[in-house]
file model-v1.tsv (TSV, C-alpha atoms and all ligand atoms)
chain	number	residue	atom	x	y	z
Z	278	MET	CA	-5.75	38.14	15.06
Z	279	ASP	CA	-1.97	38.53	14.82
Z	280	LYS	CA	-0.33	41.08	12.54
Z	281	ALA	CA	1.01	38.50	10.08
Z	282	THR	CA	-2.46	37.05	9.54
Z	283	VAL	CA	-4.00	40.50	9.11
Z	284	LEU	CA	-1.33	41.42	6.51
Z	285	THR	CA	-1.78	38.14	4.64
Z	286	GLN	CA	-5.53	38.67	4.45
Z	287	MET	CA	-5.03	42.25	3.27
Z	288	GLN	CA	-2.54	41.11	0.64
Z	289	GLN	CA	-5.04	38.57	-0.67
Z	290	ALA	CA	-7.82	41.16	-0.77
Z	291	TRP	CA	-5.69	43.71	-2.65
Z	292	SER	CA	-4.21	41.17	-5.06
Z	293	THR	CA	-7.23	41.52	-7.35
Z	294	CYS	CA	-7.66	45.30	-6.98
Z	295	GLN	CA	-9.04	47.04	-10.05
Z	296	GLY	CA	-9.42	50.42	-8.41
Z	297	CYS	CA	-7.38	52.31	-11.00
Z	298	LEU	CA	-6.02	51.82	-14.51
Z	299	LEU	CA	-2.64	50.62	-13.24
Z	300	CYS	CA	-4.26	47.19	-12.87
Z	301	ASN	CA	-4.30	46.81	-16.67
Z	302	GLU	CA	-0.54	46.62	-17.10
Z	303	ARG	CA	0.74	45.24	-13.84
Z	304	THR	CA	2.23	41.76	-13.51
Z	305	ASN	CA	1.87	41.67	-9.74
Z	306	VAL	CA	0.31	43.77	-7.02
Z	307	VAL	CA	3.36	44.69	-4.93
Z	308	PHE	CA	1.65	44.82	-1.58
Z	309	GLY	CA	4.53	45.11	0.89
Z	310	TYR	CA	7.03	42.82	2.48
Z	311	GLY	CA	8.93	42.43	5.73
Z	312	ASN	CA	8.55	41.71	9.39
Z	313	PRO	CA	5.01	42.50	10.55
Z	314	ASP	CA	6.61	43.60	13.84
Z	315	ALA	CA	9.27	45.77	12.18
Z	316	ARG	CA	10.41	48.93	13.93
Z	317	PHE	CA	11.11	50.63	10.58
Z	318	MET	CA	8.68	51.03	7.75
Z	319	VAL	CA	10.15	52.13	4.43
Z	320	ILE	CA	7.63	53.75	2.11
Z	321	GLY	CA	8.65	54.30	-1.50
Z	322	GLU	CA	6.90	55.71	-4.49
Z	323	ALA	CA	5.79	52.81	-6.67
Z	324	PRO	CA	7.05	49.44	-7.88
Z	325	GLY	CA	9.50	49.51	-10.78
Z	326	MET	CA	10.10	46.79	-13.39
Z	327	ASN	CA	11.87	44.33	-11.07
Z	328	GLU	CA	9.35	44.85	-8.28
Z	329	ASP	CA	6.46	44.33	-10.71
Z	330	GLU	CA	8.00	41.08	-11.95
Z	331	MET	CA	8.82	39.69	-8.51
Z	332	GLY	CA	5.92	41.15	-6.53
Z	333	VAL	CA	8.31	42.44	-3.85
Z	334	PRO	CA	9.16	46.09	-3.15
Z	335	PHE	CA	12.66	47.55	-3.46
Z	336	VAL	CA	14.35	44.60	-5.15
Z	337	GLY	CA	15.93	46.57	-8.03
Z	338	HIS	CA	19.01	48.82	-8.05
Z	339	ALA	CA	17.34	51.53	-5.98
Z	340	GLY	CA	16.34	48.99	-3.34
Z	341	LYS	CA	19.85	47.58	-3.19
Z	342	LEU	CA	21.28	51.05	-2.63
Z	343	LEU	CA	18.77	51.70	0.12
Z	344	ASP	CA	19.68	48.39	1.76
Z	345	ALA	CA	23.38	49.28	1.51
Z	346	PHE	CA	22.68	52.49	3.46
Z	347	PHE	CA	20.84	50.52	6.13
Z	348	ALA	CA	23.69	48.01	6.25
Z	349	THR	CA	26.30	50.74	6.65
Z	350	VAL	CA	24.58	52.28	9.68
Z	351	SER	CA	23.53	48.99	11.26
Z	352	ILE	CA	25.17	47.58	14.37
Z	353	HIS	CA	24.35	44.01	13.33
Z	354	PRO	CA	27.78	42.28	13.57
Z	355	GLU	CA	27.55	40.65	10.13
Z	356	LEU	CA	26.55	43.91	8.47
Z	357	VAL	CA	29.33	45.81	10.27
Z	358	GLU	CA	31.84	43.28	8.88
Z	359	MET	CA	30.35	43.51	5.39
Z	360	SER	CA	30.48	47.32	5.45
Z	361	LYS	CA	34.19	47.21	6.30
Z	362	THR	CA	35.01	45.12	3.25
Z	363	GLU	CA	32.48	46.93	1.03
Z	364	GLU	CA	31.69	43.55	-0.53
Z	365	PHE	CA	27.98	43.57	-0.20
Z	366	ASP	CA	26.04	40.34	-0.42
Z	367	TYR	CA	22.68	41.96	-1.13
Z	368	ASP	CA	20.60	38.85	-0.59
Z	369	ARG	CA	22.10	38.34	2.85
Z	370	ILE	CA	21.75	42.05	3.67
Z	371	ARG	CA	18.06	41.92	2.78
Z	372	GLU	CA	17.60	38.75	4.82
Z	373	ILE	CA	19.04	40.48	7.90
Z	374	LEU	CA	17.23	43.78	7.31
Z	375	LEU	CA	13.91	42.00	6.94
Z	376	THR	CA	14.01	41.23	10.66
Z	377	ASP	CA	13.44	44.92	11.40
Z	378	ILE	CA	12.02	46.56	8.26
Z	379	PHE	CA	8.71	46.44	6.45
Z	380	TYR	CA	8.92	47.77	2.87
Z	381	THR	CA	6.00	49.12	0.90
Z	382	ASN	CA	5.07	51.87	-1.57
Z	383	VAL	CA	2.50	54.62	-1.95
Z	384	VAL	CA	0.95	52.65	-4.81
Z	385	CYS	CA	1.03	48.88	-5.23
Z	386	CYS	CA	1.12	48.67	-9.02
Z	387	ARG	CA	3.80	49.75	-11.46
Z	388	PRO	CA	3.01	52.95	-13.39
Z	389	PRO	CA	3.85	52.57	-17.11
Z	390	GLU	CA	7.37	53.76	-18.01
Z	391	ASN	CA	7.91	54.35	-14.28
Z	392	ARG	CA	6.02	57.65	-14.45
Z	393	ASP	CA	4.90	59.30	-11.21
Z	394	PRO	CA	1.66	57.87	-9.83
Z	395	THR	CA	-1.28	60.25	-10.29
Z	396	THR	CA	-3.27	61.80	-7.45
Z	397	LYS	CA	-6.17	59.45	-8.28
Z	398	GLU	CA	-3.92	56.35	-8.17
Z	399	ILE	CA	-2.45	57.48	-4.85
Z	400	GLU	CA	-5.92	58.09	-3.40
Z	401	VAL	CA	-7.19	54.66	-4.47
Z	402	CYS	CA	-4.25	52.97	-2.77
Z	403	ARG	CA	-4.32	55.17	0.33
Z	404	PRO	CA	-6.65	52.97	2.47
Z	405	ARG	CA	-4.28	50.05	1.84
Z	406	LEU	CA	-1.27	52.14	2.88
Z	407	MET	CA	-3.02	53.47	6.00
Z	408	GLU	CA	-4.16	49.99	7.01
Z	409	THR	CA	-0.64	48.65	6.48
Z	410	ILE	CA	0.90	51.35	8.67
Z	411	TYR	CA	-1.81	50.77	11.28
Z	412	THR	CA	-1.17	47.04	11.30
Z	413	VAL	CA	2.64	47.07	11.38
Z	414	ASP	CA	2.60	50.01	13.81
Z	415	PRO	CA	6.27	50.89	13.21
Z	416	ILE	CA	8.37	53.13	15.43
Z	417	LEU	CA	9.62	55.21	12.50
Z	418	ILE	CA	8.52	55.63	8.92
Z	419	ILE	CA	11.18	56.39	6.32
Z	420	ALA	CA	9.67	58.11	3.28
Z	421	THR	CA	11.96	57.82	0.28
Z	422	GLY	CA	11.58	60.74	-2.07
Z	423	ARG	CA	9.07	63.48	-2.81
Z	424	ILE	CA	5.98	61.40	-3.59
Z	425	PRO	CA	5.69	59.44	-0.34
Z	426	CYS	CA	6.44	62.65	1.58
Z	427	GLU	CA	3.70	64.59	-0.21
Z	428	SER	CA	1.30	61.71	0.20
Z	429	LEU	CA	1.92	61.13	3.90
Z	430	LEU	CA	2.07	64.83	4.77
Z	431	GLN	CA	-0.98	65.43	2.55
Z	432	LYS	CA	0.73	68.39	0.95
Z	433	ARG	CA	0.76	69.34	-2.71
Z	434	LYS	CA	4.37	70.38	-3.06
Z	435	VAL	CA	7.27	69.19	-0.97
Z	436	SER	CA	10.84	70.01	-1.93
Z	437	ILE	CA	12.60	66.81	-0.95
Z	438	THR	CA	16.05	68.35	-1.46
Z	439	GLN	CA	15.13	70.84	1.26
Z	440	VAL	CA	13.36	68.61	3.75
Z	441	HIS	CA	15.42	65.42	3.60
Z	442	GLY	CA	16.68	64.49	7.05
Z	443	GLU	CA	13.76	66.21	8.76
Z	444	VAL	CA	11.41	64.24	10.97
Z	445	PHE	CA	7.71	65.07	10.62
Z	446	ASP	CA	4.70	64.13	12.67
Z	447	ILE	CA	2.25	62.39	10.36
Z	448	THR	CA	-1.33	61.47	11.10
Z	449	ILE	CA	-3.03	58.33	9.97
Z	450	GLU	CA	-6.69	57.60	10.28
Z	451	GLY	CA	-7.04	54.90	12.94
Z	452	ARG	CA	-10.26	53.05	13.60
Z	453	LEU	CA	-11.23	55.15	16.60
Z	454	ILE	CA	-8.78	58.01	16.77
Z	455	GLU	CA	-6.03	59.60	14.70
Z	456	ILE	CA	-2.62	58.07	15.27
Z	457	HIS	CA	0.64	59.94	14.99
Z	458	TYR	CA	3.89	58.55	13.64
Z	459	PRO	CA	7.31	60.13	13.19
Z	460	MET	CA	8.32	60.12	9.53
Z	461	MET	CA	11.79	60.87	8.27
Z	462	ALA	CA	12.10	62.21	4.74
Z	463	VAL	CA	15.07	60.87	2.80
Z	464	LEU	CA	16.24	61.34	-0.78
Z	465	HIS	CA	15.07	58.72	-3.23
Z	466	PRO	CA	17.82	56.14	-3.97
Z	467	SER	CA	17.23	56.54	-7.74
Z	468	TYR	CA	18.03	60.25	-7.39
Z	469	LEU	CA	21.17	59.38	-5.42
Z	470	MET	CA	22.24	56.99	-8.17
Z	471	ARG	CA	21.74	59.71	-10.77
Z	472	ILE	CA	23.82	62.35	-9.02
Z	473	ASN	CA	26.34	59.74	-7.88
Z	474	ASP	CA	28.34	61.89	-5.46
Z	475	PHE	CA	29.05	59.08	-3.01
Z	476	ASN	CA	32.75	59.91	-2.72
Z	477	GLN	CA	32.14	63.55	-2.02
Z	478	SER	CA	32.19	64.62	1.62
Z	479	GLY	CA	29.09	66.71	2.34
Z	480	GLY	CA	27.40	65.50	-0.87
Z	481	MET	CA	23.88	64.09	-1.08
Z	482	GLY	CA	25.12	60.52	-0.55
Z	483	ASP	CA	26.99	61.60	2.56
Z	484	LYS	CA	23.95	63.48	3.86
Z	485	THR	CA	21.75	60.45	3.28
Z	486	TYR	CA	24.21	58.34	5.25
Z	487	GLN	CA	23.92	60.88	8.12
Z	488	ASN	CA	20.13	60.81	7.86
Z	489	MET	CA	20.03	57.02	8.02
Z	490	LEU	CA	22.34	57.07	11.02
Z	491	LEU	CA	20.01	59.49	12.75
Z	492	ALA	CA	17.04	57.25	11.86
Z	493	MET	CA	18.79	54.28	13.52
Z	494	HIS	CA	19.49	56.28	16.68
Z	495	LEU	CA	15.94	57.62	16.80
Z	496	VAL	CA	14.43	54.16	16.61
Z	497	ASP	CA	16.74	52.80	19.30
Z	498	TRP	CA	15.97	55.77	21.49
Z	499	PHE	CA	12.16	55.51	21.10
Z	500	ASP	CA	12.40	51.78	21.65
Z	501	HIS	CA	14.35	52.18	24.89
Z	502	LEU	CA	11.98	54.87	26.10
Z	503	HIS	CA	9.09	52.44	25.75
Z	504	ARG	CA	10.92	49.56	27.34
Z	505	ASP	CA	12.58	51.47	30.21
Z	506	ARG	CA	9.34	53.06	31.28
Z	507	ASP	CA	7.38	49.94	30.49
Z	508	LEU	CA	5.11	52.05	28.29
Z	509	PRO	CA	2.40	50.31	26.33
Z	510	THR	CA	2.63	50.64	22.56
Z	511	ARG	CA	0.16	52.88	20.72
Z	512	LYS	CA	-1.73	49.75	19.71
Z	513	LYS	CA	-2.31	48.66	23.27
Z	514	ILE	CA	-3.54	52.11	24.25
Z	515	ARG	CA	-6.02	52.10	21.41
Z	516	ARG	CA	-7.60	48.72	21.81
Z	601	LIG	N1	11.41	50.26	-5.77
Z	601	LIG	C1	10.28	50.42	-5.04
Z	601	LIG	O1	9.64	49.44	-4.66
Z	601	LIG	N2	9.89	51.65	-4.74
Z	601	LIG	C2	10.56	52.75	-5.11
Z	601	LIG	O2	10.16	53.85	-4.78
Z	601	LIG	C3	11.73	52.54	-5.87
Z	601	LIG	C4	12.12	51.30	-6.19

call {"tool": "encode", "arguments": {"input": "model-v1.tsv", "output": "structure tokens", "more": "lines below"}}
Ligand code: URA
result
Amino acid sequence: MDKATVLTQMQQAWSTCQGCLLCNERTNVVFGYGNPDARFMVIGEAPGMNEDEMGVPFVGHAGKLLDAFFATVSIHPELVEMSKTEEFDYDRIREILLTDIFYTNVVCCRPPENRDPTTKEIEVCRPRLMETIYTVDPILIIATGRIPCESLLQKRKVSITQVHGEVFDITIEGRLIEIHYPMMAVLHPSYLMRINDFNQSGGMGDKTYQNMLLAMHLVDWFDHLHRDRDLPTRKKIRR
């Protein structure tokens, strides 16, 4: 079965999930969205109001900021031109980015008042997240903010302001063996909007730009390594 079909079936199965109390107030289960063959997988915390209404991750202000970072470091000719003018057409940016990114969150349903998801809620949604990573099989995972980092690293306390920009080796439970993925921790776009130091050289916005640039280079590098050496992907090794 191809990846798109697997993801569609999973989305249908999770669309009626009642595994935790978040199901009571959600409008939509925000499963995940993007190219099933994406090289990047962006994992956020939880859907917000816009995501809940539309059923698509990262469509609000935070998502637009994240997309703008991707656009600024991209070598896609249209995005390079757009970055020069700083007139961002966010719908078009998303359309282009969707060719190489799959977006999802640690939990699929919006927590009331945008509170942090609880440990229980994260645990209930974990099999869905693991299965999504397994299916998309990205080259690099970008974890936006503390909660996806703690969840994927299976650690209680992660200081995102200390670890952002670092690349970690994360383990996901495959069907037969454990599978390792590189995961880059980045600051959450909502945090970046709050501190709003985008014009300050060496500020958090600047550092996030550098981190995203590194992420782009890493993915290109891993990709070329596979292609140049004609290496099979992890998936092919496993099956
Ligand atoms: N939108 C999402 O889908 N996830 C986040 O973490 C933030 C905004």

call {"tool": "residues_near_point", "arguments": {"input": "model-v1.tsv", "point": "(20.1, 58.5, -5.7)", "cutoff": "12 Å", "atoms": "all atoms listed in the file", "output": "PyMOL selection string"}}
result
chain Z and resi 338-343+346+421-422+438+463-475+480-486

call {"tool": "residues_near_ligand", "arguments": {"input": "model-v1.tsv", "ligand": "ligand LIG 601 (chain Z)", "cutoff": "6 Å", "atoms": "all atoms listed in the file", "output": "PyMOL selection string"}}
result
chain Z and resi 321-325+328+334-335+339-340+382

call {"tool": "closest_residue", "arguments": {"input": "model-v1.tsv", "among": "Z:Thr412, Z:Thr282, Z:Thr376, Z:Ser436", "to": "Ile424 of chain Z", "atoms": "only C-alpha atoms"}}
result
Z:Ser436

call {"tool": "closest_residue", "arguments": {"input": "model-v1.tsv", "among": "Z:Gln439, Z:Ser478, Z:Leu491, Z:Ile416", "to": "His503 of chain Z", "atoms": "all atoms listed in the file"}}
result
Z:Ile416

call {"tool": "residues_near_point", "arguments": {"input": "model-v1.tsv", "point": "(4.4, 40.2, -12.5)", "cutoff": "9 Å", "atoms": "all atoms listed in the file", "output": "count of residues only"}}
result
12

call {"tool": "atom_distance", "arguments": {"input": "model-v1.tsv", "atom1": "atom CA of Gly479 of chain Z", "atom2": "atom CA of Glu355 of chain Z"}}
result
27.2 Å

call {"tool": "atom_distance", "arguments": {"input": "model-v1.tsv", "atom1": "atom CA of Val401 of chain Z", "atom2": "atom CA of Gln295 of chain Z"}}
result
9.6 Å

call {"tool": "residues_around", "arguments": {"input": "model-v1.tsv", "residues": "Cys426 of chain Z", "least_positions_apart": "5", "cutoff": "12 Å", "atoms": "only C-alpha atoms", "output": "PyMOL selection string"}}
result
chain Z and resi 319-322+382-383+418-421+431-447+459-465

call {"tool": "closest_residue", "arguments": {"input": "model-v1.tsv", "among": "Z:Thr381, Z:Thr396, Z:Asn391, Z:Asn488", "to": "Glu408 of chain Z", "atoms": "all atoms listed in the file"}}
result
Z:Thr381

call {"tool": "atom_distance", "arguments": {"input": "model-v1.tsv", "atom1": "atom CA of Ile399 of chain Z", "atom2": "atom CA of Leu453 of chain Z"}}
result
23.3 Å

call {"tool": "closest_residue", "arguments": {"input": "model-v1.tsv", "among": "Z:Pro404, Z:Pro394, Z:Pro388, Z:Gly451", "to": "Pro425 of chain Z", "atoms": "only C-alpha atoms"}}
result
Z:Pro394

call {"tool": "residues_around", "arguments": {"input": "model-v1.tsv", "residues": "Tyr380 of chain Z", "least_positions_apart": "2", "cutoff": "6 Å", "atoms": "all atoms listed in the file", "output": "JSON, numbers by chain"}}
result
{"Z": [309, 310, 318, 319]}

call {"tool": "write_last_selection", "arguments": {"input": "model-v1.tsv", "atoms": "C-alpha atoms", "output": "mmCIF file, in the frame of the given file"}}
result
data_model
loop_
_atom_site.group_PDB
_atom_site.id
_atom_site.type_symbol
_atom_site.label_atom_id
_atom_site.label_comp_id
_atom_site.auth_asym_id
_atom_site.auth_seq_id
_atom_site.Cartn_x
_atom_site.Cartn_y
_atom_site.Cartn_z
ATOM 1 C CA GLY Z 309 4.530 45.110 0.890
ATOM 2 C CA TYR Z 310 7.030 42.820 2.480
ATOM 3 C CA MET Z 318 8.680 51.030 7.750
ATOM 4 C CA VAL Z 319 10.150 52.130 4.430
#

call {"tool": "residues_around", "arguments": {"input": "model-v1.tsv", "residues": "Asp368 of chain Z", "least_positions_apart": "6", "cutoff": "10 Å", "atoms": "all atoms listed in the file", "output": "count of residues only"}}
result
4

call {"tool": "closest_residue", "arguments": {"input": "model-v1.tsv", "among": "Z:Met278, Z:Ile449, Z:Pro354, Z:Asn476", "to": "Arg403 of chain Z", "atoms": "only C-alpha atoms"}}
result
Z:Ile449

call {"tool": "residues_around", "arguments": {"input": "model-v1.tsv", "residues": "Glu363 of chain Z", "least_positions_apart": "6", "cutoff": "12 Å", "atoms": "all atoms listed in the file", "output": "MDAnalysis selection string"}}
result
chainID Z and resid 345:346 348:349 356:357

call {"tool": "residues_around", "arguments": {"input": "model-v1.tsv", "residues": "Ala290 of chain Z", "least_positions_apart": "6", "cutoff": "12 Å", "atoms": "all atoms listed in the file", "output": "MDAnalysis selection string"}}
result
chainID Z and resid 283:284 306 308 405

call {"tool": "write_last_selection", "arguments": {"input": "model-v1.tsv", "atoms": "C-alpha atoms", "output": "PDB file, keeping the file's coordinate frame"}}
result
ATOM      1  CA  VAL Z 283      -4.000  40.500   9.110  1.00  0.00           C
ATOM      2  CA  LEU Z 284      -1.330  41.420   6.510  1.00  0.00           C
ATOM      3  CA  VAL Z 306       0.310  43.770  -7.020  1.00  0.00           C
ATOM      4  CA  PHE Z 308       1.650  44.820  -1.580  1.00  0.00           C
ATOM      5  CA  ARG Z 405      -4.280  50.050   1.840  1.00  0.00           C
TER       6      ARG Z 405
END

call {"tool": "closest_residue", "arguments": {"input": "model-v1.tsv", "among": "Z:Asp414, Z:Asp366, Z:Asp505, Z:Asp314", "to": "Tyr458 of chain Z", "atoms": "only C-alpha atoms"}}
result
Z:Asp414

call {"tool": "build_atoms", "arguments": {"input": "model-v1.tsv", "residues": "segment 465-490 of chain Z", "atoms": "N, CA and C atoms", "output": "PDB file, in the frame of the given file"}}
result
ATOM      1  N   HIS Z 465      15.356  59.986  -2.582  1.00  0.00           N
ATOM      2  CA  HIS Z 465      15.070  58.720  -3.230  1.00  0.00           C
ATOM      3  C   HIS Z 465      16.365  58.088  -3.743  1.00  0.00           C
ATOM      4  N   PRO Z 466      16.555  56.767  -3.523  1.00  0.00           N
ATOM      5  CA  PRO Z 466      17.820  56.140  -3.970  1.00  0.00           C
ATOM      6  C   PRO Z 466      18.072  56.296  -5.475  1.00  0.00           C
ATOM      7  N   SER Z 467      17.010  56.358  -6.288  1.00  0.00           N
ATOM      8  CA  SER Z 467      17.230  56.540  -7.740  1.00  0.00           C
ATOM      9  C   SER Z 467      17.858  57.916  -8.012  1.00  0.00           C
ATOM     10  N   TYR Z 468      17.439  58.910  -7.262  1.00  0.00           N
ATOM     11  CA  TYR Z 468      18.030  60.250  -7.390  1.00  0.00           C
ATOM     12  C   TYR Z 468      19.507  60.192  -6.981  1.00  0.00           C
ATOM     13  N   LEU Z 469      19.770  59.493  -5.892  1.00  0.00           N
ATOM     14  CA  LEU Z 469      21.170  59.380  -5.420  1.00  0.00           C
ATOM     15  C   LEU Z 469      22.040  58.688  -6.460  1.00  0.00           C
ATOM     16  N   MET Z 470      21.461  57.693  -7.130  1.00  0.00           N
ATOM     17  CA  MET Z 470      22.240  56.990  -8.170  1.00  0.00           C
ATOM     18  C   MET Z 470      22.527  57.932  -9.331  1.00  0.00           C
ATOM     19  N   ARG Z 471      21.550  58.779  -9.640  1.00  0.00           N
ATOM     20  CA  ARG Z 471      21.740  59.710 -10.770  1.00  0.00           C
ATOM     21  C   ARG Z 471      22.828  60.730 -10.474  1.00  0.00           C
ATOM     22  N   ILE Z 472      22.807  61.310  -9.272  1.00  0.00           N
ATOM     23  CA  ILE Z 472      23.820  62.350  -9.020  1.00  0.00           C
ATOM     24  C   ILE Z 472      25.163  61.736  -8.607  1.00  0.00           C
ATOM     25  N   ASN Z 473      25.135  60.530  -8.092  1.00  0.00           N
ATOM     26  CA  ASN Z 473      26.340  59.740  -7.880  1.00  0.00           C
ATOM     27  C   ASN Z 473      27.510  60.532  -7.274  1.00  0.00           C
ATOM     28  N   ASP Z 474      27.266  61.125  -6.101  1.00  0.00           N
ATOM     29  CA  ASP Z 474      28.340  61.890  -5.460  1.00  0.00           C
ATOM     30  C   ASP Z 474      28.822  61.194  -4.176  1.00  0.00           C
ATOM     31  N   PHE Z 475      28.795  59.863  -4.226  1.00  0.00           N
ATOM     32  CA  PHE Z 475      29.050  59.080  -3.010  1.00  0.00           C
ATOM     33  C   PHE Z 475      30.447  59.315  -2.415  1.00  0.00           C
ATOM     34  N   ASN Z 476      31.391  59.712  -3.249  1.00  0.00           N
ATOM     35  CA  ASN Z 476      32.750  59.910  -2.720  1.00  0.00           C
ATOM     36  C   ASN Z 476      33.000  61.346  -2.249  1.00  0.00           C
ATOM     37  N   GLN Z 477      31.950  62.145  -2.353  1.00  0.00           N
ATOM     38  CA  GLN Z 477      32.140  63.550  -2.020  1.00  0.00           C
ATOM     39  C   GLN Z 477      31.654  63.842  -0.596  1.00  0.00           C
ATOM     40  N   SER Z 478      32.586  64.297   0.249  1.00  0.00           N
ATOM     41  CA  SER Z 478      32.190  64.620   1.620  1.00  0.00           C
ATOM     42  C   SER Z 478      31.195  65.788   1.592  1.00  0.00           C
ATOM     43  N   GLY Z 479      30.111  65.661   2.321  1.00  0.00           N
ATOM     44  CA  GLY Z 479      29.090  66.710   2.340  1.00  0.00           C
ATOM     45  C   GLY Z 479      28.133  66.646   1.158  1.00  0.00           C
ATOM     46  N   GLY Z 480      28.302  65.660   0.283  1.00  0.00           N
ATOM     47  CA  GLY Z 480      27.400  65.500  -0.870  1.00  0.00           C
ATOM     48  C   GLY Z 480      26.079  64.868  -0.431  1.00  0.00           C
ATOM     49  N   MET Z 481      25.208  64.632  -1.399  1.00  0.00           N
ATOM     50  CA  MET Z 481      23.880  64.090  -1.080  1.00  0.00           C
ATOM     51  C   MET Z 481      23.983  62.658  -0.529  1.00  0.00           C
ATOM     52  N   GLY Z 482      24.921  61.878  -1.052  1.00  0.00           N
ATOM     53  CA  GLY Z 482      25.120  60.520  -0.550  1.00  0.00           C
ATOM     54  C   GLY Z 482      25.546  60.552   0.912  1.00  0.00           C
ATOM     55  N   ASP Z 483      26.480  61.438   1.200  1.00  0.00           N
ATOM     56  CA  ASP Z 483      26.990  61.600   2.560  1.00  0.00           C
ATOM     57  C   ASP Z 483      25.857  62.033   3.501  1.00  0.00           C
ATOM     58  N   LYS Z 484      25.047  62.989   3.020  1.00  0.00           N
ATOM     59  CA  LYS Z 484      23.950  63.480   3.860  1.00  0.00           C
ATOM     60  C   LYS Z 484      22.930  62.366   4.112  1.00  0.00           C
ATOM     61  N   THR Z 485      22.707  61.554   3.096  1.00  0.00           N
ATOM     62  CA  THR Z 485      21.750  60.450   3.280  1.00  0.00           C
ATOM     63  C   THR Z 485      22.292  59.448   4.302  1.00  0.00           C
ATOM     64  N   TYR Z 486      23.598  59.218   4.241  1.00  0.00           N
ATOM     65  CA  TYR Z 486      24.210  58.340   5.250  1.00  0.00           C
ATOM     66  C   TYR Z 486      23.939  58.911   6.653  1.00  0.00           C
ATOM     67  N   GLN Z 487      24.152  60.238   6.803  1.00  0.00           N
ATOM     68  CA  GLN Z 487      23.920  60.880   8.120  1.00  0.00           C
ATOM     69  C   GLN Z 487      22.453  60.750   8.525  1.00  0.00           C
ATOM     70  N   ASN Z 488      21.565  60.912   7.547  1.00  0.00           N
ATOM     71  CA  ASN Z 488      20.130  60.810   7.860  1.00  0.00           C
ATOM     72  C   ASN Z 488      19.763  59.396   8.326  1.00  0.00           C
ATOM     73  N   MET Z 489      20.336  58.409   7.649  1.00  0.00           N
ATOM     74  CA  MET Z 489      20.030  57.020   8.020  1.00  0.00           C
ATOM     75  C   MET Z 489      20.589  56.686   9.400  1.00  0.00           C
ATOM     76  N   LEU Z 490      21.750  57.273   9.691  1.00  0.00           N
ATOM     77  CA  LEU Z 490      22.340  57.070  11.020  1.00  0.00           C
ATOM     78  C   LEU Z 490      21.422  57.656  12.090  1.00  0.00           C
TER      79      LEU Z 490
END
